[in-house]
file data-v9.txt (compact mmCIF, C-alpha atoms)
# COMPACT_ATOMS: atom_id res chain seq x y z
CA MET W 1 60.06 -81.07 59.64
CA GLY W 2 60.56 -81.08 55.89
CA ILE W 3 57.90 -80.38 53.27
CA ARG W 4 58.31 -81.59 49.71
CA PHE W 5 56.53 -82.16 46.41
CA SER W 6 57.01 -85.33 44.40
CA LYS W 7 55.40 -87.51 41.77
CA SER W 8 55.53 -91.28 41.73
CA ILE W 9 54.82 -94.09 39.31
CA LYS W 10 52.77 -96.83 40.99
CA LEU W 11 54.10 -100.32 40.35
CA GLY W 12 51.85 -102.20 42.79
CA ASN W 13 50.00 -101.89 46.08
CA TYR W 14 53.20 -101.49 48.08
CA LEU W 15 55.84 -100.28 45.63
CA ARG W 16 56.32 -96.96 43.79
CA LEU W 17 59.11 -95.26 41.84
CA ASN W 18 59.65 -91.65 42.90
CA ILE W 19 60.91 -89.07 40.41
CA SER W 20 62.97 -86.05 41.46
CA ARG W 21 66.03 -84.12 40.30
CA TYR W 22 68.15 -86.45 42.45
CA GLY W 23 67.12 -89.49 40.42
CA ILE W 24 64.86 -92.47 41.01
CA SER W 25 64.13 -93.94 44.44
CA THR W 26 61.87 -96.73 45.65
CA THR W 27 59.03 -96.32 48.14
CA ILE W 28 57.72 -99.29 50.09
CA GLY W 29 54.54 -99.14 52.14
CA LYS W 30 50.87 -98.17 52.11
CA LYS W 31 49.16 -94.80 51.93
CA GLY W 32 49.63 -92.91 55.19
CA ALA W 33 53.12 -94.08 56.12
CA SER W 34 55.92 -95.54 54.04
CA VAL W 35 59.68 -95.77 53.69
CA SER W 36 61.72 -94.50 50.69
CA VAL W 37 65.11 -95.97 49.87
CA GLY W 38 67.32 -94.11 47.39
CA THR W 39 70.78 -92.75 46.73
CA ARG W 40 70.15 -89.74 49.01
CA GLY W 41 69.12 -91.81 52.00
CA THR W 42 66.22 -93.60 53.69
CA TYR W 43 63.17 -91.52 54.59
CA LEU W 44 59.99 -91.94 56.59
CA ASN W 45 57.05 -90.52 54.57
CA LEU W 46 53.76 -89.34 56.06
CA SER W 47 50.70 -88.78 53.91
CA PRO W 48 49.30 -85.29 53.13
CA ALA W 49 46.25 -86.10 55.29
CA LEU W 50 48.49 -86.31 58.35
CA VAL W 51 49.78 -82.77 57.81
CA GLY W 52 46.36 -81.33 57.02
CA ILE W 53 46.82 -80.53 53.30
CA ASN W 54 45.51 -83.65 51.61
CA GLY W 55 45.09 -83.50 47.83
CA THR W 56 47.79 -80.93 47.16
CA GLY W 57 50.62 -83.38 46.46
CA ILE W 58 52.56 -81.96 49.40
CA SER W 59 53.68 -84.41 52.09
CA TYR W 60 56.08 -84.75 55.03
CA ARG W 61 59.19 -86.86 55.23
CA LYS W 62 62.07 -87.30 57.66
CA LYS W 63 65.48 -88.79 56.94
CA ILE W 64 66.14 -91.85 59.06
CA ALA W 65 69.32 -93.28 57.49
CA GLY W 66 72.18 -92.34 55.17
CA GLY W 67 72.31 -92.71 51.42
CA LEU W 68 72.96 -95.86 49.44
CA LYS W 69 76.51 -96.45 48.32
CA LYS W 70 77.13 -96.26 44.59
CA SER W 71 79.77 -98.16 42.72
CA GLY W 72 82.25 -96.27 40.55
CA LYS W 73 83.41 -92.67 40.87
CA LYS W 74 82.06 -90.40 43.57
CA SER W 75 79.98 -87.44 42.47
CA ASN W 76 81.33 -83.94 43.16
CA LYS W 77 77.90 -82.38 42.73
CA LYS W 78 76.62 -80.47 45.75
CA LYS W 79 73.21 -81.49 47.04
CA THR W 80 71.88 -77.96 46.88
CA SER W 81 72.97 -77.17 43.33
CA VAL W 82 71.89 -78.16 39.85
CA THR W 83 74.85 -78.94 37.62
CA LYS W 84 74.37 -77.88 33.98
CA LYS W 85 76.40 -79.59 31.27
CA THR W 86 77.73 -77.69 28.28
CA TYR W 87 75.83 -78.69 25.18
CA GLN W 88 77.90 -80.20 22.37
CA PRO W 89 76.24 -80.86 18.97
CA ALA W 90 75.88 -84.52 18.10
CA GLU W 91 78.15 -85.78 15.34
CA GLU W 92 76.74 -87.09 12.09
CA THR W 93 78.45 -90.44 12.73
CA LYS W 94 77.28 -91.82 16.05
CA THR W 95 80.03 -92.64 18.51
CA ALA W 96 79.80 -95.24 21.24
CA GLU W 97 81.46 -95.74 24.58
CA ILE W 98 81.35 -99.21 26.14
CA LYS W 99 81.32 -99.40 29.93
CA ASN W 100 81.65 -102.66 31.82
CA THR W 101 78.69 -103.30 34.08
CA THR W 102 76.81 -106.22 35.55
CA ASN W 103 73.61 -104.25 36.02
CA THR W 104 72.63 -103.29 32.47
CA GLN W 105 68.88 -103.67 32.93
CA GLU W 106 68.87 -101.33 35.93
CA ILE W 107 70.72 -98.66 33.94
CA LEU W 108 68.37 -98.99 30.95
CA GLU W 109 65.29 -98.89 33.18
CA GLU W 110 66.54 -95.82 35.06
CA TYR W 111 67.17 -94.00 31.77
CA ARG W 112 63.67 -94.86 30.49
CA ASN W 113 62.07 -93.67 33.73
CA ASN W 114 64.03 -90.41 33.70
CA GLN W 115 63.08 -89.81 30.07
CA GLU W 116 59.43 -90.51 30.84
CA ALA W 117 59.52 -88.08 33.77
CA LYS W 118 60.85 -85.31 31.52
CA ILE W 119 59.04 -85.59 28.19
CA ASN W 120 55.71 -86.77 29.66
CA LEU W 121 55.71 -84.92 32.97
CA HIS W 122 52.12 -83.79 32.34
CA LYS W 123 50.92 -87.39 32.67
CA TYR W 124 51.79 -87.32 36.38
CA ALA W 125 49.72 -84.23 37.20
CA ASP W 126 46.70 -84.77 39.44
CA PRO W 127 43.29 -84.50 37.71
CA VAL W 128 41.99 -80.93 37.86
CA MET W 129 39.16 -80.65 40.38
CA SER W 130 35.86 -79.02 39.50
CA LYS W 131 34.83 -75.97 41.53
CA GLU W 132 32.25 -78.09 43.35
CA ALA W 133 34.82 -80.76 44.24
CA PHE W 134 37.29 -78.10 45.35
CA ALA W 135 34.72 -76.48 47.67
CA GLN W 136 33.80 -79.86 49.16
CA TYR W 137 37.45 -80.72 49.67
CA ALA W 138 38.05 -77.41 51.48
CA LYS W 139 35.15 -78.12 53.85
CA GLU W 140 36.52 -81.55 54.73
CA LEU W 141 40.00 -80.35 55.75
CA GLU W 142 40.77 -81.35 59.34
CA SER W 143 42.70 -78.17 60.06
CA GLU W 144 40.59 -75.09 60.80
CA ALA W 145 43.42 -72.88 59.57
CA GLY W 146 43.54 -74.93 56.36
CA ARG W 147 39.80 -74.55 55.82
CA GLU W 148 40.09 -70.81 56.32
CA LEU W 149 42.97 -70.48 53.85
CA TYR W 150 41.17 -72.51 51.20
CA GLN W 151 38.07 -70.39 51.66
CA TYR W 152 40.18 -67.32 50.99
CA SER W 153 41.48 -68.94 47.80
CA ILE W 154 37.94 -69.81 46.69
CA GLU W 155 36.92 -66.18 47.18
CA GLY W 156 39.88 -65.01 45.08
CA ASP W 157 42.12 -63.49 47.75
CA GLU W 158 45.17 -62.54 45.69
CA ASP W 159 47.76 -62.92 48.46
CA THR W 160 46.49 -66.37 49.44
CA ILE W 161 46.49 -67.69 45.87
CA GLU W 162 49.93 -66.31 45.12
CA ASN W 163 51.24 -67.77 48.38
CA PHE W 164 49.81 -71.16 47.39
CA VAL W 165 51.62 -70.93 44.04
CA SER W 166 54.83 -69.84 45.76
CA SER W 167 54.64 -72.69 48.28
CA PHE W 168 54.00 -75.21 45.52
CA MET W 169 56.96 -74.01 43.44
CA ASN W 170 59.32 -73.86 46.42
CA ASN W 171 58.61 -77.51 47.19
CA LEU W 172 58.72 -78.74 43.61
CA GLU W 173 61.50 -81.17 42.70
CA LEU W 174 62.31 -81.62 39.03
CA ALA W 175 65.20 -82.85 36.94
CA TYR W 176 66.08 -79.26 35.96
CA ASP W 177 66.04 -75.73 37.31
CA VAL W 178 62.72 -73.89 36.82
CA ARG W 179 61.70 -70.34 37.76
CA VAL W 180 58.35 -68.60 37.39
CA ASN W 181 56.91 -65.12 37.73
CA TYR W 182 53.17 -64.98 38.31
CA GLU W 183 50.43 -62.46 38.91
CA LEU W 184 46.67 -62.72 39.36
CA GLU W 185 44.35 -60.39 37.46
CA ASP W 186 40.66 -61.06 38.06
CA ASN W 187 40.18 -64.83 37.51
CA ILE W 188 43.26 -65.19 35.31
CA LEU W 189 46.67 -66.33 36.57
CA TYR W 190 49.47 -65.00 34.37
CA VAL W 191 52.63 -67.09 34.51
CA ASP W 192 56.01 -66.37 32.92
CA LEU W 193 57.98 -69.62 32.90
CA ASP W 194 61.77 -69.50 32.58
CA LEU W 195 62.27 -72.74 30.66
CA PRO W 196 65.16 -75.15 31.15
CA GLU W 197 67.86 -74.88 28.51
CA ILE W 198 68.55 -77.49 25.87
CA GLU W 199 71.77 -78.24 27.78
CA ASN W 200 69.54 -80.12 30.24
CA VAL W 201 68.82 -82.71 27.55
CA SER W 202 71.27 -85.60 27.82
CA THR W 203 73.26 -85.96 24.60
CA GLU W 204 73.61 -89.74 24.88
CA TYR W 205 71.34 -92.72 25.38
CA PRO W 206 72.23 -96.25 26.54
CA ILE W 207 71.62 -99.51 24.74
CA GLU W 208 72.67 -103.04 25.59
CA VAL W 209 75.22 -104.81 23.37
CA SER W 210 76.45 -108.27 24.33
CA GLY W 211 75.64 -107.76 28.00
CA LYS W 212 77.31 -104.36 28.15
CA ILE W 213 76.01 -100.78 28.03
CA VAL W 214 76.78 -98.77 24.90
CA TYR W 215 76.23 -95.00 25.04
CA LYS W 216 75.34 -93.50 21.68
CA LYS W 217 75.16 -89.88 20.64
CA LYS W 218 71.71 -88.46 19.97
CA THR W 219 71.10 -86.75 16.65
CA GLN W 220 70.17 -83.08 16.43
CA ALA W 221 66.63 -84.17 15.49
CA GLN W 222 66.37 -86.32 18.62
CA LEU W 223 67.65 -83.51 20.86
CA LYS W 224 65.22 -80.97 19.42
CA GLU W 225 62.21 -83.26 19.75
CA GLU W 226 63.08 -84.25 23.30
CA TYR W 227 63.60 -80.63 24.33
CA ALA W 228 60.37 -79.45 22.70
CA ARG W 229 58.33 -82.18 24.40
CA THR W 230 60.01 -81.43 27.74
CA VAL W 231 59.25 -77.70 27.81
CA MET W 232 55.67 -78.11 26.54
CA SER W 233 54.91 -80.95 28.96
CA LEU W 234 56.31 -78.88 31.83
CA GLY W 235 53.91 -76.01 31.12
CA ILE W 236 50.90 -78.36 31.04
CA PHE W 237 52.00 -80.05 34.28
CA LEU W 238 52.38 -76.73 36.11
CA SER W 239 49.05 -75.39 34.83
CA ALA W 240 47.14 -78.47 36.02
CA ASN W 241 48.63 -78.07 39.49
CA TYR W 242 47.94 -74.32 39.56
CA PHE W 243 44.26 -74.96 38.77
CA ASN W 244 44.16 -77.32 41.75
CA LEU W 245 45.48 -74.62 44.08
CA SER W 246 42.36 -72.48 43.75
CA SER W 247 38.94 -72.93 42.15
CA TYR W 248 38.89 -69.15 41.67
CA ILE W 249 41.31 -69.52 38.75
CA ASP W 250 39.32 -69.89 35.52
CA GLU W 251 42.19 -69.35 33.12
CA ILE W 252 45.97 -69.63 33.15
CA VAL W 253 48.01 -67.66 30.62
CA LEU W 254 51.34 -69.44 30.65
CA SER W 255 54.24 -68.13 28.56
CA GLY W 256 57.51 -70.04 28.32
CA PHE W 257 60.76 -68.26 27.49
CA ASN W 258 64.52 -68.70 27.25
CA THR W 259 67.19 -66.09 27.87
CA VAL W 260 69.39 -65.54 24.82
CA ARG W 261 71.88 -62.97 23.58
CA ASN W 262 70.88 -60.62 20.78
CA LYS W 263 73.12 -59.24 18.03
CA ASN W 264 74.52 -56.66 20.43
CA GLY W 265 75.44 -59.33 22.98
CA ASP W 266 72.72 -58.25 25.42
CA GLN W 267 70.67 -60.87 27.25
CA VAL W 268 66.99 -60.79 26.25
CA ASP W 269 63.96 -63.00 26.89
CA GLN W 270 62.85 -65.02 23.86
CA TYR W 271 59.38 -66.52 24.19
CA LEU W 272 58.82 -69.96 22.66
CA TYR W 273 55.11 -70.35 23.38
CA SER W 274 52.20 -68.64 25.11
CA VAL W 275 48.92 -70.45 25.85
CA ARG W 276 45.57 -69.48 27.35
CA TYR W 277 44.65 -72.61 29.31
CA THR W 278 41.01 -72.83 30.42
CA ARG W 279 39.89 -74.70 33.51
CA ASP W 280 36.88 -76.42 31.94
CA LEU W 281 38.93 -78.22 29.30
CA PHE W 282 41.49 -79.37 31.89
CA GLU W 283 38.66 -80.76 34.02
CA LYS W 284 37.40 -82.82 31.07
CA THR W 285 40.84 -84.15 30.11
CA ASP W 286 42.67 -87.17 31.49
CA LEU W 287 46.24 -85.93 31.14
CA SER W 288 47.63 -89.43 31.58
CA GLU W 289 46.09 -90.22 28.19
CA VAL W 290 47.65 -87.19 26.44
CA ASP W 291 50.53 -88.55 24.37
CA ASP W 292 51.42 -85.39 22.44
CA PRO W 293 51.75 -82.16 24.50
CA TYR W 294 51.84 -80.07 21.30
CA GLU W 295 48.46 -81.39 20.13
CA PHE W 296 47.04 -80.64 23.58
CA ILE W 297 48.31 -77.04 23.40
CA LEU W 298 46.59 -76.62 20.04
CA ARG W 299 43.21 -77.22 21.72
CA PHE W 300 43.57 -73.81 23.37
CA GLU W 301 44.07 -70.27 22.15
CA ASN W 302 47.83 -70.15 21.67
CA ARG W 303 50.84 -68.45 20.19
CA ILE W 304 53.36 -71.08 19.22
CA ASN W 305 55.44 -71.29 16.06
CA MET W 306 57.08 -74.69 15.91
CA SER W 307 58.22 -76.36 12.70
CA SER W 308 57.84 -80.03 11.83
CA ASN W 309 61.42 -80.64 13.00
CA TYR W 310 60.62 -79.22 16.47
CA SER W 311 62.40 -75.88 16.01
CA PHE W 312 60.80 -72.92 17.81
CA LYS W 313 60.57 -69.41 16.41
CA ALA W 314 60.23 -66.51 18.85
CA ILE W 315 56.69 -65.25 19.47
CA LYS W 316 55.06 -62.31 21.24
CA PRO W 317 53.37 -63.61 24.42
CA TYR W 318 49.92 -62.76 25.70
CA GLU W 319 49.97 -59.94 28.24
CA MET W 320 47.84 -58.90 31.17
CA GLU W 321 45.10 -56.58 29.97
CA SER W 322 46.31 -53.79 32.24
CA LYS W 323 49.89 -54.18 31.00
CA ALA W 324 48.80 -54.39 27.37
CA GLU W 325 46.83 -51.16 27.80
CA ALA W 326 49.83 -49.43 29.40
CA ASP W 327 52.10 -50.62 26.57
CA SER W 328 49.62 -49.30 24.01
CA ILE W 329 49.61 -45.87 25.64
CA ILE W 330 53.42 -45.69 25.58
CA ASP W 331 53.61 -46.99 22.00
CA ASP W 332 51.19 -44.29 20.82
CA ALA W 333 53.20 -41.62 22.64
CA LEU W 334 56.47 -42.82 21.09
CA LEU W 335 54.88 -42.71 17.64
CA GLY W 336 53.77 -39.15 18.35
CA LEU W 337 57.30 -38.13 19.33
CA LYS W 338 58.66 -39.58 16.08
CA GLU W 339 56.04 -37.73 14.04
CA LEU W 340 57.12 -34.51 15.77
CA GLY W 341 60.62 -35.07 14.37
CA TYR W 342 62.50 -36.38 17.39
CA LYS W 343 65.29 -38.85 16.66
CA THR W 344 64.96 -42.50 17.67
CA ALA W 345 68.23 -42.37 19.63
CA ASP W 346 66.93 -39.44 21.74
CA ILE W 347 63.60 -41.18 22.34
CA ASN W 348 65.34 -44.38 23.42
CA ARG W 349 67.37 -42.44 25.99
CA ILE W 350 64.26 -41.19 27.79
CA LEU W 351 62.27 -44.42 27.39
CA PRO W 352 63.36 -45.96 30.75
CA GLN W 353 62.18 -42.82 32.59
CA LEU W 354 58.99 -42.74 30.56
CA MET W 355 58.13 -46.29 31.57
CA GLU W 356 58.53 -45.60 35.29
CA LYS W 357 55.15 -43.84 35.49
CA GLU W 358 51.53 -44.75 34.79
CA TYR W 359 49.50 -42.61 32.40
CA ALA W 360 45.78 -42.15 31.94
CA SER W 361 46.14 -41.46 28.22
CA SER W 362 48.61 -41.32 25.34
CA ALA W 363 48.40 -37.50 25.41
CA GLU W 364 49.57 -37.47 29.03
CA CYS W 365 52.46 -39.80 28.18
CA LEU W 366 53.38 -37.69 25.13
CA LYS W 367 53.47 -34.56 27.30
CA GLU W 368 55.84 -36.26 29.75
CA GLY W 369 58.04 -37.41 26.86
CA LEU W 370 58.32 -33.87 25.54
CA ARG W 371 59.27 -32.63 29.01
CA LEU W 372 62.01 -35.25 29.36
CA LEU W 373 63.37 -34.54 25.87
CA ASN W 374 63.53 -30.81 26.55
CA GLU W 375 65.36 -31.47 29.84
CA LYS W 376 68.04 -33.41 27.95
CA ARG W 377 68.85 -30.45 25.75
call {"tool": "encode", "arguments": {"input": "data-v9.txt", "output": "structure tokens"}}
result
Amino acid sequence: MGIRFSKSIKLGNYLRLNISRYGISTTIGKKGASVSVGTRGTYLNLSPALVGINGTGISYRKKIAGGLKKSGKKSNKKKTSVTKKTYQPAEETKTAEIKNTTNTQEILEEYRNNQEAKINLHKYADPVMSKEAFAQYAKELESEAGRELYQYSIEGDEDTIENFVSSFMNNLELAYDVRVNYELEDNILYVDLDLPEIENVSTEYPIEVSGKIVYKKKTQAQLKEEYARTVMSLGIFLSANYFNLSSYIDEIVLSGFNTVRNKNGDQVDQYLYSVRYTRDLFEKTDLSEVDDPYEFILRFENRINMSSNYSFKAIKPYEMESKAEADSIIDDALLGLKELGYKTADINRILPQLMEKEYASSAECLKEGLRLLNEKR
């Protein structure tokens, strides 16, 4: 059977719009069992309670019919891939392309829903459970294996918590490609989030003119604002869900970065923001009422340098205490080597080898650096 993660917008007792990277689909039915009809096919959906993991947002579905036929050109995009468009700067003079269609309202509504799912993704995160509610929920699980696993997570078992995060991310469906690295240190989950690129922001938006759809170019200001809201909202959404994976997690240090090329043409990670999210404030906040993800980030200890026109400047992210201590030891040793008269080029050549080991003190690291430098001669 298939396991998935999804978020839906409730339109009534029997109808929901489901958001995923494959677009918008419609779900008809009540909680427990329902049918989804979309471009990828018709699916039978079973509630999380029926698979023993109620409350996690993970459910079961089975395909029972083929996809809906679309009018117009067929898509060449493979189901298993995410197609990235090359970003082209918007022109100062907006251009428009008119396409004949008899379904203008459907196109406009789909665009609005997709935009909402990107720039306000945090609004669809489940409320963060208190530790008491989490413990009660774990006790009420029907599956004995599930109760045991959740007890491990409550007690802070590192493998269990990291497996929960991994399972959640593997079943997450979004409108863009997302990757994370994560590690638990005491009660803090450290997350490095590889952010989607600005190329994922659509460069056009539709409007209706005389019963037809007109696609207009977005301005640079519109693209920057949309991208900034998207990447900040994503981090908030993920953090809320991570808190709900284990009550042991008191804090999430989430750092979002892009991969760029430096002056030498080498690919390097450039961090756009780093935030220390605390569980207690998430528990007290109704994320569906948070209209500005940037203002929400500012409620926490943060490192973010964003201008009024939504341009990010690179920042230094928060680090794990153990990693920060190791970096400090190496930095002190490198400074010592420079003070002893060694050239920067020679020090840089031994740096990769120097970083392969752990040191109890800067003196120990300095001694190893001297040994490596003497070997090179």
call {"tool": "closest_atom_pairs", "arguments": {"input": "data-v9.txt", "of": "segment 232-268 of chain W", "to": "segment 287-310 of chain W", "cutoff": "12 Å", "atoms": "all atoms listed in the file", "output": "tab-separated table"}}
result
residue	atom	partner	partner_atom	distance
W:Met232	CA	W:Pro293	CA	6.0
W:Ser233	CA	W:Pro293	CA	5.6
W:Leu234	CA	W:Pro293	CA	9.2
W:Gly235	CA	W:Pro293	CA	9.3
W:Ile236	CA	W:Pro293	CA	7.6
W:Phe237	CA	W:Leu287	CA	8.8
W:Ser239	CA	W:Leu287	CA	11.5
W:Ala240	CA	W:Leu287	CA	9.0
W:Asn241	CA	W:Leu287	CA	11.7
W:Glu251	CA	W:Phe300	CA	10.8
W:Ile252	CA	W:Phe300	CA	10.9
W:Val253	CA	W:Asn302	CA	9.3
W:Leu254	CA	W:Asn302	CA	9.7
W:Ser255	CA	W:Arg303	CA	9.0
W:Gly256	CA	W:Ile304	CA	10.1
W:Phe257	CA	W:Ile304	CA	11.5
call {"tool": "atom_distance", "arguments": {"input": "data-v9.txt", "atom1": "atom CA of Ile198 of chain W", "atom2": "atom CA of Glu173 of chain W"}}
result
18.6 Å
call {"tool": "residues_around", "arguments": {"input": "data-v9.txt", "residues": "Asp194 of chain W", "least_positions_apart": "3", "cutoff": "9 Å", "atoms": "only C-alpha atoms", "output": "PDB file with C-alpha atoms, keeping the file's coordinate frame"}}
result
ATOM      1  CA  ASP W 177      66.040 -75.730  37.310  1.00  0.00           C
ATOM      2  CA  VAL W 178      62.720 -73.890  36.820  1.00  0.00           C
ATOM      3  CA  ARG W 179      61.700 -70.340  37.760  1.00  0.00           C
ATOM      4  CA  VAL W 180      58.350 -68.600  37.390  1.00  0.00           C
ATOM      5  CA  ASN W 181      56.910 -65.120  37.730  1.00  0.00           C
ATOM      6  CA  SER W 255      54.240 -68.130  28.560  1.00  0.00           C
ATOM      7  CA  GLY W 256      57.510 -70.040  28.320  1.00  0.00           C
ATOM      8  CA  PHE W 257      60.760 -68.260  27.490  1.00  0.00           C
ATOM      9  CA  ASN W 258      64.520 -68.700  27.250  1.00  0.00           C
ATOM     10  CA  THR W 259      67.190 -66.090  27.870  1.00  0.00           C
ATOM     11  CA  ASP W 269      63.960 -63.000  26.890  1.00  0.00           C
TER      12      ASP W 269
END
call {"tool": "residues_around", "arguments": {"input": "data-v9.txt", "residues": "segment 357-369 of chain W", "least_positions_apart": "4", "cutoff": "12 Å", "atoms": "only C-alpha atoms", "output": "PyMOL selection string"}}
result
chain W and resi 322-323+325-340+342+346-353+373-376
call {"tool": "write_last_selection", "arguments": {"input": "data-v9.txt", "atoms": "C-alpha atoms", "output": "compact mmCIF listing (two decimals), keeping the file's coordinate frame"}}
result
# COMPACT_ATOMS: atom_id res chain seq x y z
CA SER W 322 46.31 -53.79 32.24
CA LYS W 323 49.89 -54.18 31.00
CA GLU W 325 46.83 -51.16 27.80
CA ALA W 326 49.83 -49.43 29.40
CA ASP W 327 52.10 -50.62 26.57
CA SER W 328 49.62 -49.30 24.01
CA ILE W 329 49.61 -45.87 25.64
CA ILE W 330 53.42 -45.69 25.58
CA ASP W 331 53.61 -46.99 22.00
CA ASP W 332 51.19 -44.29 20.82
CA ALA W 333 53.20 -41.62 22.64
CA LEU W 334 56.47 -42.82 21.09
CA LEU W 335 54.88 -42.71 17.64
CA GLY W 336 53.77 -39.15 18.35
CA LEU W 337 57.30 -38.13 19.33
CA LYS W 338 58.66 -39.58 16.08
CA GLU W 339 56.04 -37.73 14.04
CA LEU W 340 57.12 -34.51 15.77
CA TYR W 342 62.50 -36.38 17.39
CA ASP W 346 66.93 -39.44 21.74
CA ILE W 347 63.60 -41.18 22.34
CA ASN W 348 65.34 -44.38 23.42
CA ARG W 349 67.37 -42.44 25.99
CA ILE W 350 64.26 -41.19 27.79
CA LEU W 351 62.27 -44.42 27.39
CA PRO W 352 63.36 -45.96 30.75
CA GLN W 353 62.18 -42.82 32.59
CA LEU W 373 63.37 -34.54 25.87
CA ASN W 374 63.53 -30.81 26.55
CA GLU W 375 65.36 -31.47 29.84
CA LYS W 376 68.04 -33.41 27.95
call {"tool": "atom_distance", "arguments": {"input": "data-v9.txt", "atom1": "atom CA of Tyr150 of chain W", "atom2": "atom CA of Leu238 of chain W"}}
result
19.3 Å
call {"tool": "atom_distance", "arguments": {"input": "data-v9.txt", "atom1": "atom CA of Glu226 of chain W", "atom2": "atom CA of Glu199 of chain W"}}
result
11.5 Å
call {"tool": "closest_residue", "arguments": {"input": "data-v9.txt", "among": "W:Asn187, W:Asn262, W:Thr278, W:Thr203", "to": "Gln220 of chain W", "atoms": "only C-alpha atoms"}}
result
W:Thr203
call {"tool": "closest_residue", "arguments": {"input": "data-v9.txt", "among": "W:Arg261, W:Lys216, W:Lys131, W:Lys118", "to": "Ala175 of chain W", "atoms": "all atoms listed in the file"}}
result
W:Lys118
call {"tool": "decode", "arguments": {"input": "data-v9.txt", "residues": "segment 124-174 of chain W", "atoms": "C-alpha atoms", "output": "PDB file, in the first residue's frame"}}
result
ATOM      1  CA  TYR W 124      -1.939  24.460   6.818  1.00  0.00           C
ATOM      2  CA  ALA W 125       0.310  23.010   9.528  1.00  0.00           C
ATOM      3  CA  ASP W 126      -1.431  21.127  12.322  1.00  0.00           C
ATOM      4  CA  PRO W 127      -1.510  22.901  15.722  1.00  0.00           C
ATOM      5  CA  VAL W 128       1.527  21.949  17.802  1.00  0.00           C
ATOM      6  CA  MET W 129       0.542  19.582  20.600  1.00  0.00           C
ATOM      7  CA  SER W 130       1.557  20.194  24.192  1.00  0.00           C
ATOM      8  CA  LYS W 131       3.693  17.540  25.874  1.00  0.00           C
ATOM      9  CA  GLU W 132       0.670  16.414  27.882  1.00  0.00           C
ATOM     10  CA  ALA W 133      -1.495  16.079  24.768  1.00  0.00           C
ATOM     11  CA  PHE W 134       1.287  14.237  22.966  1.00  0.00           C
ATOM     12  CA  ALA W 135       1.663  11.717  25.817  1.00  0.00           C
ATOM     13  CA  GLN W 136      -2.098  11.145  25.926  1.00  0.00           C
ATOM     14  CA  TYR W 137      -2.223  10.688  22.175  1.00  0.00           C
ATOM     15  CA  ALA W 138       0.578   8.096  22.329  1.00  0.00           C
ATOM     16  CA  LYS W 139      -1.330   6.111  24.970  1.00  0.00           C
ATOM     17  CA  GLU W 140      -4.474   6.029  22.845  1.00  0.00           C
ATOM     18  CA  LEU W 141      -2.817   4.581  19.726  1.00  0.00           C
ATOM     19  CA  GLU W 142      -4.487   1.314  18.721  1.00  0.00           C
ATOM     20  CA  SER W 143      -1.236  -0.258  17.560  1.00  0.00           C
ATOM     21  CA  GLU W 144       1.007  -1.627  20.305  1.00  0.00           C
ATOM     22  CA  ALA W 145       4.035  -1.111  18.066  1.00  0.00           C
ATOM     23  CA  GLY W 146       2.928   2.490  17.508  1.00  0.00           C
ATOM     24  CA  ARG W 147       2.581   3.109  21.244  1.00  0.00           C
ATOM     25  CA  GLU W 148       6.053   1.697  21.808  1.00  0.00           C
ATOM     26  CA  LEU W 149       7.615   3.860  19.103  1.00  0.00           C
ATOM     27  CA  TYR W 150       5.962   7.019  20.408  1.00  0.00           C
ATOM     28  CA  GLN W 151       7.151   6.208  23.910  1.00  0.00           C
ATOM     29  CA  TYR W 152      10.689   5.994  22.556  1.00  0.00           C
ATOM     30  CA  SER W 153      10.243   9.415  20.947  1.00  0.00           C
ATOM     31  CA  ILE W 154       8.912  10.881  24.211  1.00  0.00           C
ATOM     32  CA  GLU W 155      11.980   9.574  26.025  1.00  0.00           C
ATOM     33  CA  GLY W 156      14.265  11.169  23.429  1.00  0.00           C
ATOM     34  CA  ASP W 157      15.533   8.104  21.565  1.00  0.00           C
ATOM     35  CA  GLU W 158      17.620   9.717  18.835  1.00  0.00           C
ATOM     36  CA  ASP W 159      17.154   7.002  16.202  1.00  0.00           C
ATOM     37  CA  THR W 160      13.370   6.954  16.649  1.00  0.00           C
ATOM     38  CA  ILE W 161      13.016  10.735  16.376  1.00  0.00           C
ATOM     39  CA  GLU W 162      15.274  10.954  13.341  1.00  0.00           C
ATOM     40  CA  ASN W 163      13.375   8.088  11.713  1.00  0.00           C
ATOM     41  CA  PHE W 164      10.111   9.952  12.341  1.00  0.00           C
ATOM     42  CA  VAL W 165      11.564  13.048  10.656  1.00  0.00           C
ATOM     43  CA  SER W 166      12.880  10.959   7.760  1.00  0.00           C
ATOM     44  CA  SER W 167       9.523   9.224   7.278  1.00  0.00           C
ATOM     45  CA  PHE W 168       7.691  12.543   7.346  1.00  0.00           C
ATOM     46  CA  MET W 169       9.999  14.119   4.757  1.00  0.00           C
ATOM     47  CA  ASN W 170       9.922  11.080   2.473  1.00  0.00           C
ATOM     48  CA  ASN W 171       6.131  11.260   2.320  1.00  0.00           C
ATOM     49  CA  LEU W 172       5.894  15.028   1.962  1.00  0.00           C
ATOM     50  CA  GLU W 173       4.448  16.358  -1.285  1.00  0.00           C
ATOM     51  CA  LEU W 174       5.122  19.989  -2.148  1.00  0.00           C
TER      52      LEU W 174
END
